[in-house]
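Single-structure report; data block below.
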Amino acid sequence: GFLITALDTEQHAITLAIMVGLGRYGVVVSYEAEAQYASEFIPTSVRGRAMANIHVAGFAFTSLSSYVIYLGHFFKPLPSICISILLLLGAMLCLALPETLNQKLPQTLK
């Protein structure tokens with residue numbers, strides 16, 4: 001992300017296009033994989049509502065993404081900084097999840 005802001009768009013247009021394309025591909029694949037993972041992870045009794053909340057949050061962030069990119073007009077590295085902070089926050093939240101390896105997951109919320 002920071003490399004994209006450091007390169008000149010006129011001199012490195014092809015490199016930037018490839019990097020942005022790969023980044024977009026990675027985001028799409030990870031979003032779809034996480035949606036599939038979440039549907040298996042959430043207890044059956046609340047799966048429908050939980051998946052709806054996940055999709056609503058995803059659509060909300062998708063609609064806000066153009067505004068994050070627009071922040072580059074004020075300070076060029078600002079979109080990359082915002083996205084990096086969100087990624088680090090998500091990674092830290094994942095570290096707080098309990099370990100479920102070789103454990104039977106509940107099918108209800110009881």
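By convention in this document, the chains of the structure tokens carry letters A, B, ... by their order, each chain's residues are numbered from 1, and ligands are numbered from 1 in the order they are shown.
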
Counting only C-alpha atoms, what is within 12 Å of Ile54 in chain A, bar same-chain residues fewer than 6 positions away, as a PyMOL selection string? chain A and resi 31-32+34-39+42+47-48+60-61

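Between CA of Val46 in chain A and CA of Gln107 in chain A the separation is 9.6 Å.
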
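CA of Arg49 in chain A is positioned 26.7 Å from CA of Asn102 in chain A.
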
Return as a PyMOL selection string the full set of residues in chain A whose backbone-based DSSP assignment is alpha helix (DSSP H). chain A and resi 2-6+13-41+47-70+78-95

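The residue that comes closest to Glu40 in chain A, out of A:Gly90, A:Thr9, A:Leu105, A:Phe74 and on the basis of only C-alpha atoms, is A:Leu105.
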
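Note that the spacing between CA of Met51 in chain A and CA of Leu101 in chain A amounts to 22.7 Å.
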